[in-house]
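A short write-up of the structure that comes next.
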Amino acid sequence: MESRDEIKVSLMTKRNLGKGRIPNTDYKDRVFVLTRGKLSYYEGNLSKRGKLKGEIPLSAVKVIEKVDDDLLPKDFPKDNCFQVCYEDSLTLYIMANDKQEQEEWVSLMQEACKNNNGLLPMFHCGVWQGGQWSCCRQVDKNAPGCKPAFTQRSPADKENGSSTTNNRRPGKVKKDPLPAPPVPVHAKRPLPAPPPAAKVVVAVYDYEPSQPGDLELKKGEEYTITDNSRTHWWKALNREGVQGFIPSNYVQEKTEKGLIGEGWYCKDMSRQRAEALLKQEDREGCFLVRDSTASPGTLTVSVLCKTPQTTVRHYHIKQNPRDSKYFLSEKYTFPTIPELINYHQHNGGGLVTRLRLPPAALTGYAPATLGFSQDKWEISSTELTLMKPLGSGQFGVVRLGKFQGRMLVAVKTMREGSMCEDDFIEEAKTMTKLQHPNLVQLYGVCFKERPIQIVTEYMCNGNMSSYLRSKGRELAEDRSPLVDMCQQVCSGMEYLERSQFIHRDLAARNCLVGEHNIVKVSDFGLSRYVLDDEYTSSTGSKFPIKWASPEVLEFSRFSSKSDIWAFGILMWEVFTLGKTPYPNLNTTDVVRQVTHGKHLDRPQRCPHGVYRIMKQCWEKDPMRRPTFKDLQGQIEDIQEKDYCE
Ligand code: AMP
């Protein structure tokens, strides 16, 4: 029986406050009663209220907020928890029976307390557990919260459900059935002060959310990371206090040099990639700034100069030990790198040419995200629109497609009976977690209906073997794009090696080319699921014998070292502009030649230094072959003589 001044009554579960000397975290069902002045709770049930067990005057309340389901410790008996912080540092955790009840209680209590003097601007969306806050990992129990509280959020955020922290399944949270309480809104307020453990990052690309619960990213803006416990999708907070998931490879940690987000800065770019990009752009003064691979800790400005002939010059940015100012030419020193760049954009100042604009490829290109959103790797066929065929391979036809009508993808429809589907589906979940700028991203798999479809990143220039054959002459005018292509494959393979993942079928035909000559390794590990003996047995007619190492041919022994052998053959394919290896030999002769230690000859346009690398890959003893990590350094060193003033 509710009296007239009772706003809401519910039977919910509360966690013991643990006020005693020995913390006691047991749980009790109580009848909660909200009136204009207080929150009270009683023993008993809704039809028979028992003894009054506690009362909180609403004027003492400092925070009323939900607790994120994902951040609740295992011993909490239910989800749908909300917290009432009051007096000095007491927090009552109450578990509602469902989301709607949780929403109603939080809204009603926030409305009732909105004019309290002591409201806190920030709160913890997790709980104190095991000596730290489960949300921000701060180890001080009294540390300030890591998320803006309801007084700091705009009404729009609340209506969108973005005030909700219960985003285990963000899309399924019901909209607030009650009007959001009016709160002060500031158009652009400063980023909430991050707690010591929170990381501030800067978006390096725009990101448009594809799932409810994702947060939009705007290039150059700062975000506070509130949860980075997963590798690829982090929870972040924007300036307006809206929280959501973001792809972690779209942001970079703010550095003291303050370069992240500058259109001309690219952190991890090899010298070859920089040269290839600048030459492709072919504009006088086109430039970029990158971390020097030759001297770690130093930055390099790479700039294209077209007279007397097209060259790329690389300048180290130096720092004066006396006043710590930066310079390219000792005469012109600056307190920050952006100021230095700005100066040289307007004045030659001793450089071979004035710096103009960075390559368009740097500003326009955003990497693939890992899957479409956090935890999404299972794709429904209703989310895909199939378009033109792109090619066909061992498993069937590959088509261009659109995901949710807006994002281009490649869709491989698996011919029935061509693969061991159950094993692949099991493995695909792991494969979606592999992420590198030089690996074709596996977004997810559509397997609820047959035939199964594999959805990957779309690469507009198709497979590298055909690309080399059609565009090779252009590329070969200058050797650096060819070295750059090998370097990119090597980078992707080094990541696979580090992840202890064996490709098993590395070849130019299994690499794809995107815009701006970006090369990515594709089809990694897929050969394990092929059901065709002609492909899997080393004596089969479709087995890639010409890429196979002696130990694969003899004992089917695959390892990262057999991938290295195949990489040597791939380098040969690159420098012959897409020729088939051992052009005049049949497969029996290839096996004989390989097992007797005879190698492919040096291609005509291949520098001796590059051929030396290939030959290392073809050492008969796998242990004597280099690792991809070793090769990365060696490829980087090619043309070292051209390097740096
Ligand atoms: P596969 O079955 O992977 O050998 O693919 C067959 C052909 O389809 C390739 O040789 C490419 O020409 C094309 N293709 C496969 N995947 C993609 C992709 N992600 N983007 C563009 N083209 C692709």
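Going through the structure tokens in order, the chains are called A, B, and so on, while each chain numbers its residues from 1 and the ligands are numbered from 1 in the order shown.
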Give one line per residue of chain A that approaches ligand 1 to at most 10 Å, naming the two atoms of the closest pair and their distance in Å to one decimal, counting only C-alpha atoms and all ligand atoms; sort by chain then ascending residue number and deliver it as CSV.
residue,atom,partner,partner_atom_place_in_ligand_line,distance
A:Pro389,CA,ligand 1,8 (O),7.9
A:Leu390,CA,ligand 1,13 (C),4.8
A:Gly391,CA,ligand 1,8 (O),3.5
A:Ser392,CA,ligand 1,6 (C),4.0
A:Gly393,CA,ligand 1,2 (O),3.4
A:Gln394,CA,ligand 1,2 (O),5.5
A:Phe395,CA,ligand 1,2 (O),5.7
A:Gly396,CA,ligand 1,2 (O),6.2
A:Val397,CA,ligand 1,2 (O),6.7
A:Val398,CA,ligand 1,8 (O),5.0
A:Arg399,CA,ligand 1,8 (O),7.5
A:Leu400,CA,ligand 1,21 (C),7.2
A:Gly401,CA,ligand 1,20 (N),9.9
A:Leu408,CA,ligand 1,20 (N),9.5
A:Val409,CA,ligand 1,19 (N),7.0
A:Ala410,CA,ligand 1,19 (N),4.7
A:Val411,CA,ligand 1,19 (N),7.4
A:Lys412,CA,ligand 1,2 (O),6.9
A:Thr413,CA,ligand 1,2 (O),9.0
A:Met414,CA,ligand 1,2 (O),8.9
A:Val440,CA,ligand 1,19 (N),6.8
A:Gln441,CA,ligand 1,19 (N),8.4
A:Leu442,CA,ligand 1,19 (N),8.9
A:Ile454,CA,ligand 1,16 (N),9.7
A:Val455,CA,ligand 1,19 (N),8.1
A:Thr456,CA,ligand 1,19 (N),5.5
A:Glu457,CA,ligand 1,19 (N),5.2
A:Tyr458,CA,ligand 1,20 (N),3.9
A:Met459,CA,ligand 1,20 (N),3.8
A:Cys460,CA,ligand 1,21 (C),5.5
A:Asn461,CA,ligand 1,21 (C),6.6
A:Gly462,CA,ligand 1,22 (N),4.3
A:Asn463,CA,ligand 1,12 (O),4.6
A:Met464,CA,ligand 1,10 (O),8.1
A:Ser465,CA,ligand 1,10 (O),8.2
A:Ser466,CA,ligand 1,12 (O),7.8
A:Tyr467,CA,ligand 1,12 (O),9.2
A:Ala508,CA,ligand 1,10 (O),9.5
A:Arg509,CA,ligand 1,10 (O),6.0
A:Asn510,CA,ligand 1,4 (O),6.3
A:Cys511,CA,ligand 1,10 (O),8.3
A:Leu512,CA,ligand 1,20 (N),6.7
A:Val513,CA,ligand 1,21 (C),7.9
A:Gly514,CA,ligand 1,20 (N),8.0
A:Lys520,CA,ligand 1,19 (N),9.5
A:Ser522,CA,ligand 1,3 (O),7.1
A:Asp523,CA,ligand 1,3 (O),6.0
A:Phe524,CA,ligand 1,3 (O),9.8
A:Leu526,CA,ligand 1,3 (O),9.3
Dump of N, CA and C atoms for the selected residues, as a tab-separated table (two decimals), in the first residue's frame:
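again-v9.tsv, freshly written:
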chain	number	residue	atom	x	y	z
A	389	PRO	N	31.15	-9.08	-59.32
A	389	PRO	CA	32.19	-10.06	-58.96
A	389	PRO	C	33.58	-9.41	-59.05
A	390	LEU	N	34.45	-9.80	-58.14
A	390	LEU	CA	35.82	-9.26	-58.14
A	390	LEU	C	36.81	-10.30	-58.65
A	391	GLY	N	36.42	-11.55	-58.55
A	391	GLY	CA	37.32	-12.62	-58.98
A	391	GLY	C	36.83	-13.92	-58.40
A	392	SER	N	37.55	-15.01	-58.72
A	392	SER	CA	37.16	-16.25	-58.06
A	392	SER	C	38.42	-17.04	-57.76
A	393	GLY	N	38.33	-17.84	-56.70
A	393	GLY	CA	39.51	-18.57	-56.26
A	393	GLY	C	39.12	-19.97	-55.83
A	394	GLN	N	39.96	-20.56	-55.04
A	394	GLN	CA	39.82	-21.93	-54.57
A	394	GLN	C	38.44	-22.21	-53.95
A	395	PHE	N	37.91	-21.21	-53.24
A	395	PHE	CA	36.67	-21.44	-52.49
A	395	PHE	C	35.41	-21.00	-53.21
A	396	GLY	N	35.56	-20.21	-54.23
A	396	GLY	CA	34.37	-19.73	-54.93
A	396	GLY	C	34.51	-18.28	-55.33
A	397	VAL	N	33.36	-17.64	-55.59
A	397	VAL	CA	33.37	-16.29	-56.15
A	397	VAL	C	33.52	-15.24	-55.04
A	398	VAL	N	34.27	-14.19	-55.36
A	398	VAL	CA	34.39	-13.05	-54.43
A	398	VAL	C	33.68	-11.87	-55.08
A	399	ARG	N	32.80	-11.23	-54.33
A	399	ARG	CA	32.06	-10.09	-54.90
A	399	ARG	C	32.28	-8.85	-54.07
A	400	LEU	N	32.13	-7.72	-54.73
A	400	LEU	CA	32.11	-6.46	-54.00
A	400	LEU	C	30.76	-6.41	-53.27
A	401	GLY	N	30.75	-5.88	-52.08
A	401	GLY	CA	29.49	-5.82	-51.35
A	401	GLY	C	29.41	-4.56	-50.51
A	408	LEU	N	31.94	-0.34	-48.13
A	408	LEU	CA	32.34	-1.33	-49.13
A	408	LEU	C	33.13	-2.45	-48.48
A	409	VAL	N	32.80	-3.67	-48.88
A	409	VAL	CA	33.50	-4.85	-48.35
A	409	VAL	C	33.66	-5.85	-49.49
A	410	ALA	N	34.49	-6.87	-49.27
A	410	ALA	CA	34.57	-7.98	-50.22
A	410	ALA	C	33.89	-9.18	-49.57
A	411	VAL	N	33.07	-9.87	-50.33
A	411	VAL	CA	32.32	-11.01	-49.76
A	411	VAL	C	32.69	-12.28	-50.53
A	412	LYS	N	33.28	-13.21	-49.81
A	412	LYS	CA	33.68	-14.47	-50.44
A	412	LYS	C	32.60	-15.50	-50.13
A	413	THR	N	31.90	-15.95	-51.15
A	413	THR	CA	30.84	-16.96	-50.94
A	413	THR	C	31.47	-18.33	-51.12
A	414	MET	N	31.48	-19.13	-50.07
A	414	MET	CA	32.20	-20.39	-50.11
A	414	MET	C	31.40	-21.45	-50.86
A	440	VAL	N	44.88	-8.03	-44.74
A	440	VAL	CA	43.50	-7.77	-45.15
A	440	VAL	C	42.61	-8.14	-43.96
A	441	GLN	N	41.84	-7.17	-43.50
A	441	GLN	CA	41.06	-7.39	-42.28
A	441	GLN	C	39.89	-8.33	-42.54
A	442	LEU	N	39.82	-9.37	-41.75
A	442	LEU	CA	38.63	-10.24	-41.78
A	442	LEU	C	37.61	-9.59	-40.86
A	454	ILE	N	32.38	-15.07	-46.23
A	454	ILE	CA	33.45	-14.44	-45.45
A	454	ILE	C	33.53	-12.98	-45.88
A	455	VAL	N	33.47	-12.09	-44.92
A	455	VAL	CA	33.44	-10.66	-45.25
A	455	VAL	C	34.76	-10.03	-44.84
A	456	THR	N	35.43	-9.43	-45.83
A	456	THR	CA	36.74	-8.83	-45.55
A	456	THR	C	36.79	-7.40	-46.07
A	457	GLU	N	37.87	-6.77	-45.71
A	457	GLU	CA	38.17	-5.43	-46.22
A	457	GLU	C	38.26	-5.49	-47.75
A	458	TYR	N	37.75	-4.47	-48.44
A	458	TYR	CA	37.81	-4.43	-49.90
A	458	TYR	C	39.10	-3.73	-50.34
A	459	MET	N	39.79	-4.34	-51.30
A	459	MET	CA	41.05	-3.77	-51.80
A	459	MET	C	40.86	-3.46	-53.28
A	460	CYS	N	40.82	-2.18	-53.62
A	460	CYS	CA	40.33	-1.79	-54.94
A	460	CYS	C	41.22	-2.21	-56.11
A	461	ASN	N	42.48	-2.56	-55.87
A	461	ASN	CA	43.34	-2.93	-57.01
A	461	ASN	C	43.58	-4.43	-57.14
A	462	GLY	N	42.77	-5.23	-56.47
A	462	GLY	CA	42.80	-6.68	-56.67
A	462	GLY	C	44.10	-7.36	-56.24
A	463	ASN	N	44.34	-8.55	-56.78
A	463	ASN	CA	45.49	-9.31	-56.27
A	463	ASN	C	46.81	-8.77	-56.83
A	464	MET	N	47.86	-8.94	-56.04
A	464	MET	CA	49.14	-8.30	-56.35
A	464	MET	C	49.79	-8.88	-57.60
A	465	SER	N	49.53	-10.16	-57.87
A	465	SER	CA	50.15	-10.78	-59.02
A	465	SER	C	49.64	-10.11	-60.31
A	466	SER	N	48.31	-9.96	-60.44
A	466	SER	CA	47.75	-9.31	-61.64
A	466	SER	C	48.16	-7.84	-61.66
A	467	TYR	N	48.19	-7.23	-60.49
A	467	TYR	CA	48.54	-5.80	-60.42
A	467	TYR	C	49.96	-5.58	-60.95
A	508	ALA	N	52.25	-13.89	-54.27
A	508	ALA	CA	51.73	-12.59	-54.73
A	508	ALA	C	50.22	-12.68	-55.00
A	509	ARG	N	49.75	-13.83	-55.47
A	509	ARG	CA	48.30	-13.95	-55.76
A	509	ARG	C	47.46	-13.86	-54.49
A	510	ASN	N	48.07	-14.13	-53.33
A	510	ASN	CA	47.33	-14.04	-52.07
A	510	ASN	C	47.61	-12.75	-51.31
A	511	CYS	N	48.13	-11.75	-52.02
A	511	CYS	CA	48.24	-10.42	-51.43
A	511	CYS	C	47.35	-9.52	-52.27
A	512	LEU	N	46.80	-8.50	-51.66
A	512	LEU	CA	45.89	-7.61	-52.38
A	512	LEU	C	46.41	-6.19	-52.31
A	513	VAL	N	46.04	-5.41	-53.33
A	513	VAL	CA	46.55	-4.04	-53.41
A	513	VAL	C	45.37	-3.07	-53.31
A	514	GLY	N	45.55	-2.06	-52.48
A	514	GLY	CA	44.50	-1.05	-52.32
A	514	GLY	C	44.93	0.26	-52.93
A	520	LYS	N	48.45	-5.64	-48.82
A	520	LYS	CA	48.07	-6.38	-47.62
A	520	LYS	C	48.06	-7.88	-47.90
A	522	SER	N	46.66	-11.55	-47.59
A	522	SER	CA	45.29	-12.07	-47.46
A	522	SER	C	45.30	-13.59	-47.30
A	523	ASP	N	44.14	-14.14	-47.05
A	523	ASP	CA	43.94	-15.60	-47.01
A	523	ASP	C	44.87	-16.33	-46.06
A	524	PHE	N	45.28	-15.68	-44.97
A	524	PHE	CA	46.22	-16.33	-44.06
A	524	PHE	C	45.53	-17.48	-43.33
A	526	LEU	N	43.99	-19.96	-44.34
A	526	LEU	CA	42.77	-20.57	-44.91
A	526	LEU	C	43.02	-21.96	-45.48
Within 10 Å of Tyr535 of chain A, counting only C-alpha atoms, which residues show up once you throw out same-chain ones fewer than 5 positions away? Write them as an MDAnalysis selection string, please. chainID A and resid 394 527 530 540:545
Grab the residues selected above and save them as a JSON list (two decimals), in the first residue's frame with N, CA, C and O atoms.
[["chain", "number", "residue", "atom", "x", "y", "z"],
["A", 394, "GLN", "N", 39.96, -20.56, -55.04],
["A", 394, "GLN", "CA", 39.82, -21.93, -54.57],
["A", 394, "GLN", "C", 38.44, -22.21, -53.95],
["A", 394, "GLN", "O", 37.88, -23.26, -54.10],
["A", 527, "SER", "N", 44.25, -22.20, -45.95],
["A", 527, "SER", "CA", 44.50, -23.47, -46.64],
["A", 527, "SER", "C", 44.23, -24.67, -45.73],
["A", 527, "SER", "O", 43.98, -25.77, -46.21],
["A", 530, "VAL", "N", 40.76, -26.22, -46.50],
["A", 530, "VAL", "CA", 40.40, -26.66, -47.84],
["A", 530, "VAL", "C", 40.16, -28.17, -47.82],
["A", 530, "VAL", "O", 40.92, -28.91, -47.21],
["A", 540, "GLY", "N", 49.51, -33.06, -55.01],
["A", 540, "GLY", "CA", 48.30, -32.68, -55.75],
["A", 540, "GLY", "C", 48.59, -31.67, -56.84],
["A", 540, "GLY", "O", 49.56, -30.91, -56.77],
["A", 541, "SER", "N", 47.70, -31.63, -57.84],
["A", 541, "SER", "CA", 47.97, -30.76, -58.99],
["A", 541, "SER", "C", 47.81, -29.28, -58.65],
["A", 541, "SER", "O", 48.35, -28.42, -59.33],
["A", 542, "LYS", "N", 47.03, -28.97, -57.57],
["A", 542, "LYS", "CA", 46.83, -27.54, -57.25],
["A", 542, "LYS", "C", 47.75, -27.07, -56.12],
["A", 542, "LYS", "O", 47.67, -25.94, -55.68],
["A", 543, "PHE", "N", 48.60, -27.96, -55.61],
["A", 543, "PHE", "CA", 49.46, -27.58, -54.49],
["A", 543, "PHE", "C", 50.47, -26.52, -54.96],
["A", 543, "PHE", "O", 51.08, -26.67, -56.03],
["A", 544, "PRO", "N", 50.66, -25.45, -54.17],
["A", 544, "PRO", "CA", 51.56, -24.38, -54.63],
["A", 544, "PRO", "C", 53.04, -24.77, -54.49],
["A", 544, "PRO", "O", 53.78, -24.22, -53.69],
["A", 545, "ILE", "N", 53.46, -25.75, -55.31],
["A", 545, "ILE", "CA", 54.81, -26.32, -55.21],
["A", 545, "ILE", "C", 55.91, -25.28, -55.37],
["A", 545, "ILE", "O", 56.92, -25.31, -54.69]]
Can you pull out every residue within 10 Å of Asp140 of chain A, counting only C-alpha atoms, but drop anything in the same chain fewer than 6 positions away, and send it as a PyMOL selection string? chain A and resi 128+131-133
Next, write the just-selected residues to a file, as an mmCIF file, in the first residue's frame, keeping N, CA, C and O atoms as the atom set.
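Final output, result.cif:
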data_model
loop_
_atom_site.group_PDB
_atom_site.id
_atom_site.type_symbol
_atom_site.label_atom_id
_atom_site.label_comp_id
_atom_site.auth_asym_id
_atom_site.auth_seq_id
_atom_site.Cartn_x
_atom_site.Cartn_y
_atom_site.Cartn_z
ATOM 1 N N TRP A 128 34.302 -0.471 -6.438
ATOM 2 C CA TRP A 128 35.585 -0.661 -5.765
ATOM 3 C C TRP A 128 35.724 -2.152 -5.462
ATOM 4 O O TRP A 128 34.875 -2.740 -4.795
ATOM 5 N N GLY A 131 40.951 -3.710 -4.299
ATOM 6 C CA GLY A 131 41.939 -2.646 -4.156
ATOM 7 C C GLY A 131 42.004 -1.675 -5.323
ATOM 8 O O GLY A 131 42.936 -0.878 -5.421
ATOM 9 N N GLN A 132 41.027 -1.743 -6.229
ATOM 10 C CA GLN A 132 40.996 -0.732 -7.294
ATOM 11 C C GLN A 132 39.580 -0.565 -7.845
ATOM 12 O O GLN A 132 38.703 -1.404 -7.597
ATOM 13 N N TRP A 133 39.375 0.536 -8.552
ATOM 14 C CA TRP A 133 38.081 0.767 -9.194
ATOM 15 C C TRP A 133 38.014 -0.060 -10.464
ATOM 16 O O TRP A 133 38.943 -0.004 -11.280
#
Contacts of segment 302-307 of chain A within 12 Å, only C-alpha atoms, excl. fewer than 3 positions in-chain, as a PyMOL selection string: chain A and resi 264-266+269-292+299+310-317+328+341+344-345+348+351-359+643-645
Have a look at A:Gly44, A:Gly472, A:Gly263, A:Pro626 and name the one nearest to Arg612 of chain A; count only C-alpha atoms.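 Using only C-alpha atoms, Arg612 of chain A sits closest to A:Pro626.
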Nearby residues (only C-alpha atoms) at most 12 Å from segment 595-604 of chain A, same-chain spacing under 5 positions excluded, as number ranges by chain: A: 476, 479, 545-554, 565, 568-585, 588-590, 609-621
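Take atom CA of Glu216 of chain A and atom CA of Trp105 of chain A: the distance between them is 28.8 Å.
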Determine which residues of segment 289-501 of chain A DSSP labels as strand (DSSP E or B) from the backbone of this structure, then write them out as a PyMOL selection string. chain A and resi 289-291+299-305+311-319+326-327+333-334+373+376+378+384-393+396-403+407-413+419+439+442-446+453-457+463
